[in-house]
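Student: Below you'll find target.cif; it's mmCIF, N, CA and C atoms.
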data_query
#
loop_
_atom_site.label_atom_id
_atom_site.label_comp_id
_atom_site.auth_asym_id
_atom_site.auth_seq_id
_atom_site.Cartn_x
_atom_site.Cartn_y
_atom_site.Cartn_z
N MET A 127 0.82 -1.18 0.00
CA MET A 127 0.00 0.00 0.00
C MET A 127 0.87 1.26 0.00
N ILE A 128 1.89 1.31 0.87
CA ILE A 128 2.77 2.47 0.94
C ILE A 128 3.53 2.64 -0.37
N LYS A 129 3.93 1.55 -0.99
CA LYS A 129 4.64 1.61 -2.26
C LYS A 129 3.73 2.22 -3.33
N ASN A 130 2.46 1.84 -3.36
CA ASN A 130 1.52 2.40 -4.34
C ASN A 130 1.31 3.90 -4.13
N VAL A 131 1.21 4.31 -2.88
CA VAL A 131 1.05 5.73 -2.57
C VAL A 131 2.28 6.51 -3.03
N LYS A 132 3.47 5.95 -2.79
CA LYS A 132 4.70 6.62 -3.24
C LYS A 132 4.70 6.74 -4.76
N ASN A 133 4.28 5.70 -5.47
CA ASN A 133 4.24 5.75 -6.93
C ASN A 133 3.26 6.81 -7.42
N VAL A 134 2.10 6.88 -6.79
CA VAL A 134 1.09 7.88 -7.19
C VAL A 134 1.64 9.28 -6.94
N LEU A 135 2.27 9.50 -5.79
CA LEU A 135 2.85 10.80 -5.49
C LEU A 135 3.96 11.16 -6.47
N LEU A 136 4.78 10.18 -6.83
CA LEU A 136 5.86 10.40 -7.79
C LEU A 136 5.29 10.79 -9.15
N ILE A 137 4.26 10.09 -9.59
CA ILE A 137 3.64 10.40 -10.88
C ILE A 137 3.02 11.80 -10.84
N ALA A 138 2.34 12.14 -9.73
CA ALA A 138 1.75 13.47 -9.59
C ALA A 138 2.82 14.55 -9.61
N LEU A 139 3.92 14.31 -8.93
CA LEU A 139 5.02 15.27 -8.89
C LEU A 139 5.63 15.46 -10.28
N MET A 140 5.78 14.38 -11.03
CA MET A 140 6.32 14.47 -12.39
C MET A 140 5.38 15.29 -13.28
N GLY A 141 4.07 15.07 -13.14
CA GLY A 141 3.09 15.83 -13.92
C GLY A 141 3.13 17.31 -13.57
N PHE A 142 3.23 17.62 -12.28
CA PHE A 142 3.31 19.01 -11.84
C PHE A 142 4.58 19.66 -12.37
N THR A 143 5.69 18.95 -12.31
CA THR A 143 6.97 19.49 -12.80
C THR A 143 6.89 19.79 -14.29
N THR A 144 6.28 18.89 -15.06
CA THR A 144 6.14 19.10 -16.50
C THR A 144 5.24 20.30 -16.78
N ALA A 145 4.12 20.40 -16.07
CA ALA A 145 3.22 21.53 -16.26
C ALA A 145 3.90 22.84 -15.88
N TRP A 146 4.64 22.86 -14.77
CA TRP A 146 5.33 24.06 -14.33
C TRP A 146 6.39 24.48 -15.35
N ALA A 147 7.11 23.51 -15.90
CA ALA A 147 8.13 23.83 -16.91
C ALA A 147 7.49 24.47 -18.13
N SER A 148 6.32 23.99 -18.52
CA SER A 148 5.61 24.57 -19.66
C SER A 148 5.20 26.00 -19.38
N ILE A 149 4.67 26.26 -18.18
CA ILE A 149 4.26 27.61 -17.82
C ILE A 149 5.47 28.51 -17.70
N ALA A 150 6.52 28.03 -17.06
CA ALA A 150 7.71 28.85 -16.84
C ALA A 150 8.40 29.21 -18.14
N SER A 151 8.34 28.33 -19.15
CA SER A 151 9.03 28.59 -20.40
C SER A 151 8.20 29.45 -21.35
N ALA A 152 6.91 29.60 -21.09
CA ALA A 152 6.05 30.41 -21.95
C ALA A 152 6.35 31.89 -21.73
N GLU A 153 6.31 32.63 -22.80
CA GLU A 153 6.59 34.06 -22.72
C GLU A 153 5.52 34.83 -23.48
N MET A 154 5.41 36.09 -23.13
CA MET A 154 4.55 36.99 -23.88
C MET A 154 5.28 38.29 -24.09
N GLY A 155 4.88 39.03 -25.10
CA GLY A 155 5.53 40.29 -25.39
C GLY A 155 4.75 41.03 -26.45
N GLN A 156 5.31 42.13 -26.90
CA GLN A 156 4.64 42.93 -27.91
C GLN A 156 5.52 43.11 -29.13
N THR A 157 4.85 43.22 -30.26
CA THR A 157 5.57 43.53 -31.49
C THR A 157 5.82 45.03 -31.53
N GLY A 158 6.64 45.45 -32.42
CA GLY A 158 6.74 46.88 -32.69
C GLY A 158 5.50 47.28 -33.49
N GLN A 159 5.49 48.49 -34.02
CA GLN A 159 4.40 48.90 -34.89
C GLN A 159 4.57 48.19 -36.22
N ILE A 160 3.57 47.41 -36.58
CA ILE A 160 3.66 46.58 -37.79
C ILE A 160 2.47 46.83 -38.70
N THR A 161 2.62 46.41 -39.94
CA THR A 161 1.56 46.51 -40.94
C THR A 161 0.99 45.12 -41.20
N LEU A 162 -0.31 45.03 -41.22
CA LEU A 162 -0.97 43.76 -41.47
C LEU A 162 -1.21 43.58 -42.96
N GLU A 163 -1.06 42.35 -43.42
CA GLU A 163 -1.37 42.03 -44.81
C GLU A 163 -2.81 41.54 -44.94
N SER A 164 -3.20 40.65 -44.01
CA SER A 164 -4.56 40.10 -44.08
C SER A 164 -4.98 39.53 -42.74
N VAL A 165 -6.28 39.42 -42.57
CA VAL A 165 -6.88 38.74 -41.41
C VAL A 165 -7.92 37.79 -41.98
N THR A 166 -7.80 36.54 -41.62
CA THR A 166 -8.74 35.52 -42.09
C THR A 166 -9.44 34.91 -40.90
N VAL A 167 -10.76 34.83 -40.98
CA VAL A 167 -11.55 34.19 -39.94
C VAL A 167 -11.89 32.79 -40.43
N LEU A 168 -11.52 31.81 -39.64
CA LEU A 168 -11.77 30.41 -39.99
C LEU A 168 -12.93 29.90 -39.15
N GLY A 169 -14.04 29.61 -39.78
CA GLY A 169 -15.23 29.15 -39.07
C GLY A 169 -16.32 30.20 -39.14
N GLU A 170 -17.53 29.79 -38.87
CA GLU A 170 -18.68 30.67 -39.00
C GLU A 170 -19.24 31.17 -37.68
N THR A 171 -18.81 30.61 -36.56
CA THR A 171 -19.41 30.94 -35.27
C THR A 171 -18.67 32.08 -34.59
N LEU A 172 -19.21 32.59 -33.50
CA LEU A 172 -18.54 33.64 -32.74
C LEU A 172 -17.20 33.19 -32.19
N GLY A 173 -17.04 31.89 -31.99
CA GLY A 173 -15.79 31.37 -31.46
C GLY A 173 -14.80 30.99 -32.54
N SER A 174 -14.92 31.58 -33.71
CA SER A 174 -14.04 31.24 -34.82
C SER A 174 -12.61 31.66 -34.54
N ARG A 175 -11.69 31.02 -35.23
CA ARG A 175 -10.26 31.30 -35.07
C ARG A 175 -9.82 32.29 -36.14
N MET A 176 -8.91 33.20 -35.78
CA MET A 176 -8.35 34.15 -36.73
C MET A 176 -6.92 33.79 -37.07
N GLU A 177 -6.56 34.05 -38.30
CA GLU A 177 -5.16 33.97 -38.74
C GLU A 177 -4.78 35.34 -39.27
N ILE A 178 -3.71 35.89 -38.74
CA ILE A 178 -3.27 37.23 -39.08
C ILE A 178 -1.94 37.12 -39.81
N LYS A 179 -1.87 37.65 -41.03
CA LYS A 179 -0.64 37.65 -41.81
C LYS A 179 -0.02 39.04 -41.68
N ILE A 180 1.26 39.05 -41.32
CA ILE A 180 2.00 40.29 -41.12
C ILE A 180 2.77 40.62 -42.40
N LEU A 181 2.60 41.82 -42.91
CA LEU A 181 3.31 42.26 -44.10
C LEU A 181 4.80 42.35 -43.78
N LYS A 182 5.61 41.62 -44.48
CA LYS A 182 7.07 41.58 -44.29
C LYS A 182 7.51 41.04 -42.94
N GLY A 183 6.63 40.36 -42.21
CA GLY A 183 6.99 39.74 -40.94
C GLY A 183 7.23 40.77 -39.84
N PHE A 184 7.70 40.29 -38.70
CA PHE A 184 7.97 41.17 -37.56
C PHE A 184 9.12 40.59 -36.74
N SER A 185 9.72 41.43 -35.92
CA SER A 185 10.78 40.99 -35.02
C SER A 185 10.13 40.42 -33.77
N LEU A 186 10.66 39.31 -33.31
CA LEU A 186 10.11 38.68 -32.11
C LEU A 186 10.49 39.44 -30.85
N PRO A 187 9.53 39.56 -29.93
CA PRO A 187 9.89 40.11 -28.62
C PRO A 187 10.88 39.17 -27.93
N LYS A 188 11.64 39.70 -26.99
CA LYS A 188 12.64 38.91 -26.27
C LYS A 188 11.99 37.67 -25.64
N ASN A 189 12.62 36.53 -25.81
CA ASN A 189 12.23 35.25 -25.22
C ASN A 189 10.97 34.63 -25.81
N VAL A 190 10.36 35.23 -26.81
CA VAL A 190 9.18 34.65 -27.45
C VAL A 190 9.64 33.91 -28.70
N ALA A 191 9.15 32.69 -28.87
CA ALA A 191 9.56 31.88 -30.01
C ALA A 191 8.33 31.46 -30.82
N CYS A 192 8.23 31.98 -32.05
CA CYS A 192 7.13 31.57 -32.93
C CYS A 192 7.37 32.09 -34.34
N ASP A 193 6.48 31.73 -35.23
CA ASP A 193 6.50 32.17 -36.62
C ASP A 193 6.44 33.70 -36.65
N THR A 194 7.23 34.34 -37.50
CA THR A 194 7.26 35.80 -37.55
C THR A 194 6.42 36.37 -38.71
N ASN A 195 5.67 35.52 -39.38
CA ASN A 195 4.82 35.97 -40.48
C ASN A 195 3.33 35.85 -40.18
N TYR A 196 2.98 34.94 -39.29
CA TYR A 196 1.57 34.69 -38.94
C TYR A 196 1.37 34.67 -37.44
N ILE A 197 0.23 35.18 -37.00
CA ILE A 197 -0.22 35.06 -35.62
C ILE A 197 -1.64 34.55 -35.69
N SER A 198 -2.03 33.73 -34.74
CA SER A 198 -3.37 33.16 -34.75
C SER A 198 -4.05 33.36 -33.41
N THR A 199 -5.29 32.96 -33.35
CA THR A 199 -6.00 32.92 -32.07
C THR A 199 -6.59 31.54 -31.90
N LYS A 200 -6.82 31.18 -30.65
CA LYS A 200 -7.59 29.98 -30.38
C LYS A 200 -9.05 30.30 -30.60
N ASN A 201 -9.85 29.27 -30.75
CA ASN A 201 -11.28 29.49 -30.85
C ASN A 201 -11.76 30.20 -29.60
N SER A 202 -12.65 31.12 -29.75
CA SER A 202 -13.32 31.88 -28.69
C SER A 202 -12.45 32.92 -27.99
N ASP A 203 -11.22 33.17 -28.44
CA ASP A 203 -10.39 34.20 -27.82
C ASP A 203 -10.90 35.61 -28.11
N ASP A 204 -11.72 35.78 -29.12
CA ASP A 204 -12.23 37.10 -29.50
C ASP A 204 -13.73 37.02 -29.73
N SER A 205 -14.43 36.49 -28.74
CA SER A 205 -15.87 36.22 -28.92
C SER A 205 -16.68 37.49 -29.17
N ASP A 206 -16.23 38.65 -28.70
CA ASP A 206 -16.97 39.89 -28.97
C ASP A 206 -16.51 40.56 -30.27
N ARG A 207 -15.53 39.98 -30.92
CA ARG A 207 -15.00 40.44 -32.20
C ARG A 207 -14.35 41.83 -32.14
N ALA A 208 -13.97 42.27 -30.96
CA ALA A 208 -13.33 43.58 -30.81
C ALA A 208 -11.96 43.61 -31.49
N MET A 209 -11.16 42.56 -31.28
CA MET A 209 -9.83 42.53 -31.91
C MET A 209 -9.97 42.42 -33.41
N LEU A 210 -10.90 41.61 -33.88
CA LEU A 210 -11.13 41.46 -35.32
C LEU A 210 -11.49 42.82 -35.93
N SER A 211 -12.33 43.58 -35.28
CA SER A 211 -12.72 44.91 -35.79
C SER A 211 -11.51 45.82 -35.91
N LEU A 212 -10.65 45.84 -34.89
CA LEU A 212 -9.45 46.68 -34.95
C LEU A 212 -8.50 46.22 -36.04
N LEU A 213 -8.34 44.92 -36.19
CA LEU A 213 -7.44 44.39 -37.22
C LEU A 213 -7.95 44.75 -38.62
N ARG A 214 -9.24 44.59 -38.83
CA ARG A 214 -9.82 44.94 -40.14
C ARG A 214 -9.71 46.44 -40.41
N GLU A 215 -9.95 47.25 -39.40
CA GLU A 215 -9.82 48.70 -39.54
C GLU A 215 -8.39 49.07 -39.93
N ALA A 216 -7.42 48.42 -39.32
CA ALA A 216 -6.01 48.69 -39.63
C ALA A 216 -5.70 48.38 -41.09
N ILE A 217 -6.24 47.29 -41.59
CA ILE A 217 -5.98 46.92 -42.99
C ILE A 217 -6.66 47.91 -43.93
N ILE A 218 -7.91 48.21 -43.69
CA ILE A 218 -8.66 49.10 -44.58
C ILE A 218 -8.06 50.50 -44.59
N ALA A 219 -7.72 51.02 -43.41
CA ALA A 219 -7.18 52.38 -43.30
C ALA A 219 -5.67 52.44 -43.47
N LYS A 220 -5.05 51.29 -43.71
CA LYS A 220 -3.58 51.21 -43.85
C LYS A 220 -2.87 51.82 -42.63
N ARG A 221 -3.36 51.44 -41.46
CA ARG A 221 -2.76 51.90 -40.20
C ARG A 221 -1.91 50.79 -39.60
N LYS A 222 -0.95 51.19 -38.82
CA LYS A 222 -0.09 50.24 -38.14
C LYS A 222 -0.74 49.79 -36.84
N VAL A 223 -0.32 48.62 -36.38
CA VAL A 223 -0.80 48.08 -35.11
C VAL A 223 0.38 47.60 -34.29
N ARG A 224 0.15 47.47 -33.00
CA ARG A 224 1.08 46.77 -32.10
C ARG A 224 0.27 45.62 -31.54
N LEU A 225 0.87 44.43 -31.57
CA LEU A 225 0.17 43.23 -31.10
C LEU A 225 0.86 42.68 -29.86
N TRP A 226 0.10 42.31 -28.86
CA TRP A 226 0.61 41.60 -27.71
C TRP A 226 0.37 40.13 -28.00
N ILE A 227 1.43 39.33 -27.91
CA ILE A 227 1.36 37.92 -28.29
C ILE A 227 1.97 37.03 -27.22
N THR A 228 1.67 35.75 -27.30
CA THR A 228 2.25 34.77 -26.37
C THR A 228 2.58 33.49 -27.12
N ASP A 229 3.59 32.80 -26.61
CA ASP A 229 3.90 31.47 -27.14
C ASP A 229 3.52 30.39 -26.12
N ASP A 230 2.70 30.74 -25.14
CA ASP A 230 2.23 29.80 -24.13
C ASP A 230 1.44 28.68 -24.80
N SER A 231 1.82 27.45 -24.55
CA SER A 231 1.18 26.31 -25.19
C SER A 231 -0.29 26.16 -24.79
N GLU A 232 -0.66 26.69 -23.65
CA GLU A 232 -2.07 26.65 -23.23
C GLU A 232 -2.89 27.72 -23.95
N SER A 233 -2.25 28.78 -24.39
CA SER A 233 -2.95 29.89 -25.04
C SER A 233 -2.79 29.89 -26.54
N THR A 234 -1.79 29.21 -27.04
CA THR A 234 -1.50 29.31 -28.46
C THR A 234 -2.57 28.62 -29.30
N SER A 235 -2.63 29.04 -30.51
CA SER A 235 -3.63 28.56 -31.44
C SER A 235 -3.38 27.11 -31.82
N SER A 236 -4.29 26.60 -32.61
CA SER A 236 -4.15 25.22 -33.07
C SER A 236 -3.11 25.10 -34.18
N ALA A 237 -2.65 26.21 -34.72
CA ALA A 237 -1.62 26.17 -35.76
C ALA A 237 -0.25 26.04 -35.10
N PRO A 238 0.47 24.95 -35.37
CA PRO A 238 1.75 24.74 -34.70
C PRO A 238 2.78 25.82 -35.05
N GLY A 239 3.54 26.23 -34.04
CA GLY A 239 4.62 27.18 -34.24
C GLY A 239 4.20 28.64 -34.27
N ARG A 240 2.92 28.90 -34.12
CA ARG A 240 2.45 30.29 -34.16
C ARG A 240 2.14 30.80 -32.76
N CYS A 241 2.43 32.07 -32.55
CA CYS A 241 2.02 32.72 -31.32
C CYS A 241 0.54 33.06 -31.40
N SER A 242 -0.05 33.26 -30.24
CA SER A 242 -1.44 33.67 -30.17
C SER A 242 -1.55 35.15 -29.85
N LEU A 243 -2.58 35.75 -30.39
CA LEU A 243 -2.87 37.15 -30.16
C LEU A 243 -3.56 37.33 -28.82
N LEU A 244 -3.06 38.28 -28.03
CA LEU A 244 -3.68 38.59 -26.75
C LEU A 244 -4.41 39.93 -26.79
N SER A 245 -3.84 40.90 -27.52
CA SER A 245 -4.41 42.25 -27.55
C SER A 245 -3.90 43.00 -28.77
N VAL A 246 -4.65 44.04 -29.16
CA VAL A 246 -4.32 44.84 -30.34
C VAL A 246 -4.34 46.33 -29.96
N GLU A 247 -3.35 47.07 -30.45
CA GLU A 247 -3.35 48.53 -30.31
C GLU A 247 -3.21 49.12 -31.70
N LEU A 248 -4.12 50.02 -32.03
CA LEU A 248 -4.17 50.64 -33.35
C LEU A 248 -3.48 52.01 -33.32
N PHE A 249 -2.68 52.31 -34.35
CA PHE A 249 -1.98 53.60 -34.44
C PHE A 249 -2.53 54.41 -35.59
#
What would the structure in this file look like if it were written as structure tokens?

Tutor:
Amino acid sequence: MIKNVKNVLLIALMGFTTAWASIASAEMGQTGQITLESVTVLGETLGSRMEIKILKGFSLPKNVACDTNYISTKNSDDSDRAMLSLLREAIIAKRKVRLWITDDSESTSSAPGRCSLLSVELF
């Protein structure tokens, strides 16, 4: 019985350590002022996923690791469509934006290697 309890505790500790390493290694940051090429909404519902193409790419914030040409969202990250409205306005008006992004595996989109969008600032 004691051996089984030790094994269960060891497995739980290993799981916690793995989860903590994932959280600790995740980073977030902001892009500089960038120009968007396109915004595509994938799906028909309010919880649809967005894919954002950056014109000529962008420089990664310190410690953030992801694709420098595309940023995505998980489903339902923009349920009120506020970010989508700002992104579309930036494209139509040819305005620059600053994007806050993360490479957190819990927050990142379903597209591998892409950061997820957290917030948008329009210039």

Student: Counting all atoms listed in the file, figure out which residue out of A:Met176, A:Ala191, A:Ile197, A:Arg207 gets nearest to Asp230 (chain A).

Tutor: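 Among the listed residues, A:Ala191 lies closest to Asp230 (chain A).
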
Student: Return the single residue from A:Ile180, A:Val190, A:Leu212, A:Asp206 that is closest to Ile227 (chain A), with distances computed using all atoms listed in the file.

Tutor: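 With all atoms listed in the file as the atom set, the closest residue is A:Val190.
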
Student: Between A:Asp193, A:Glu177, A:Glu163, A:Glu247, which is the closest to Leu225 (chain A) once you count all atoms listed in the file?

Tutor: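 Nearest candidate to Leu225 (chain A) out of A:Asp193, A:Glu177, A:Glu163, A:Glu247: A:Glu247.
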
Student: Between A:Met154, A:Cys241, A:Val223, A:Leu162, which is the closest to Lys200 (chain A) once you count all atoms listed in the file?

Tutor: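 Using all atoms listed in the file, the shortest distance to Lys200 (chain A) belongs to A:Cys241.
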
Student: When you draw a straight line from atom C of Ser185 (chain A) to atom N of Glu153 (chain A), how long is it in Å?

Tutor: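 Interatomic distance, atom C of Ser185 (chain A) to atom N of Glu153 (chain A): 14.0 Å.
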
Student: Once 4 Å is added on each side, what centre and edge lengths in Å to one decimal does the axis-aligned box around all listed atoms of region 233-249 of chain A have, as AutoDock Vina command-line options?

Tutor:
--center_x 0.0 --center_y 39.6 --center_z -30.1 --size_x 17.3 --size_y 37.7 --size_z 19.4

Student: Would you kindly translate the PyMOL selection byres (((chain A and resi 226 and name CA) around 9) and name CA) into the concrete residues it picks from this file, as a list in words?

Tutor: Met154, Gly155, Gln156, Thr157, Arg224, Leu225, Ile227, Thr228, Ser242, Leu243, Leu244, Ser245, Val246 and Glu247 of chain A

Student: When you draw a straight line from atom C of Phe249 (chain A) to CA of Ala152 (chain A), how long is it in Å?

Tutor: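 A separation of 28.9 Å between them.
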
Student: One decimal, Å: what's the distance from CA of Asp229 (chain A) over to atom N of Pro187 (chain A), could you say?

Tutor: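 Between CA of Asp229 (chain A) and atom N of Pro187 (chain A) the gap is 10.2 Å.
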
Student: Might you pull out every residue within 8 Å of Leu210 (chain A), with only N, CA and C atoms counted and same-chain residues fewer than 6 positions away left off, and present them as a VMD selection string?

Tutor: chain A and resid 165 176 204 216

Student: Here is a test: counting all atoms listed in the file, which residue of A:Ser174, A:Lys220, A:Ile160, A:Phe184 is nearest to Tyr196 (chain A)?

Tutor: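 Selected residue with least distance to Tyr196 (chain A): A:Phe184.
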
Student: Let me make sure I understand: among A:Leu248, A:Cys192, A:Ala237, A:Leu186, which one has the smallest atom-to-atom distance to Thr161 (chain A) if we use only C-alpha atoms?

Tutor: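 Answer, going by the shortest atom-to-atom distance: A:Leu248.
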
Student: Determine which residues of region 157-242 of chain A receive a DSSP assignment of strand (DSSP E), computed from the backbone, and state them as number ranges by chain.

Tutor: A: 162-168, 175-180, 196-198, 223-228, 241-242

Student: Could the residues in this selection be saved with N, CA and C atoms as a compact mmCIF listing (two decimals), keeping the file's coordinate frame?

Tutor:
# COMPACT_ATOMS: atom_id res chain seq x y z
N LEU A 162 -0.31 45.03 -41.22
CA LEU A 162 -0.97 43.76 -41.47
C LEU A 162 -1.21 43.58 -42.96
N GLU A 163 -1.06 42.35 -43.42
CA GLU A 163 -1.37 42.03 -44.81
C GLU A 163 -2.81 41.54 -44.94
N SER A 164 -3.20 40.65 -44.01
CA SER A 164 -4.56 40.10 -44.08
C SER A 164 -4.98 39.53 -42.74
N VAL A 165 -6.28 39.42 -42.57
CA VAL A 165 -6.88 38.74 -41.41
C VAL A 165 -7.92 37.79 -41.98
N THR A 166 -7.80 36.54 -41.62
CA THR A 166 -8.74 35.52 -42.09
C THR A 166 -9.44 34.91 -40.90
N VAL A 167 -10.76 34.83 -40.98
CA VAL A 167 -11.55 34.19 -39.94
C VAL A 167 -11.89 32.79 -40.43
N LEU A 168 -11.52 31.81 -39.64
CA LEU A 168 -11.77 30.41 -39.99
C LEU A 168 -12.93 29.90 -39.15
N ARG A 175 -11.69 31.02 -35.23
CA ARG A 175 -10.26 31.30 -35.07
C ARG A 175 -9.82 32.29 -36.14
N MET A 176 -8.91 33.20 -35.78
CA MET A 176 -8.35 34.15 -36.73
C MET A 176 -6.92 33.79 -37.07
N GLU A 177 -6.56 34.05 -38.30
CA GLU A 177 -5.16 33.97 -38.74
C GLU A 177 -4.78 35.34 -39.27
N ILE A 178 -3.71 35.89 -38.74
CA ILE A 178 -3.27 37.23 -39.08
C ILE A 178 -1.94 37.12 -39.81
N LYS A 179 -1.87 37.65 -41.03
CA LYS A 179 -0.64 37.65 -41.81
C LYS A 179 -0.02 39.04 -41.68
N ILE A 180 1.26 39.05 -41.32
CA ILE A 180 2.00 40.29 -41.12
C ILE A 180 2.77 40.62 -42.40
N TYR A 196 2.98 34.94 -39.29
CA TYR A 196 1.57 34.69 -38.94
C TYR A 196 1.37 34.67 -37.44
N ILE A 197 0.23 35.18 -37.00
CA ILE A 197 -0.22 35.06 -35.62
C ILE A 197 -1.64 34.55 -35.69
N SER A 198 -2.03 33.73 -34.74
CA SER A 198 -3.37 33.16 -34.75
C SER A 198 -4.05 33.36 -33.41
N VAL A 223 -0.32 48.62 -36.38
CA VAL A 223 -0.80 48.08 -35.11
C VAL A 223 0.38 47.60 -34.29
N ARG A 224 0.15 47.47 -33.00
CA ARG A 224 1.08 46.77 -32.10
C ARG A 224 0.27 45.62 -31.54
N LEU A 225 0.87 44.43 -31.57
CA LEU A 225 0.17 43.23 -31.10
C LEU A 225 0.86 42.68 -29.86
N TRP A 226 0.10 42.31 -28.86
CA TRP A 226 0.61 41.60 -27.71
C TRP A 226 0.37 40.13 -28.00
N ILE A 227 1.43 39.33 -27.91
CA ILE A 227 1.36 37.92 -28.29
C ILE A 227 1.97 37.03 -27.22
N THR A 228 1.67 35.75 -27.30
CA THR A 228 2.25 34.77 -26.37
C THR A 228 2.58 33.49 -27.12
N CYS A 241 2.43 32.07 -32.55
CA CYS A 241 2.02 32.72 -31.32
C CYS A 241 0.54 33.06 -31.40
N SER A 242 -0.05 33.26 -30.24
CA SER A 242 -1.44 33.67 -30.17
C SER A 242 -1.55 35.15 -29.85
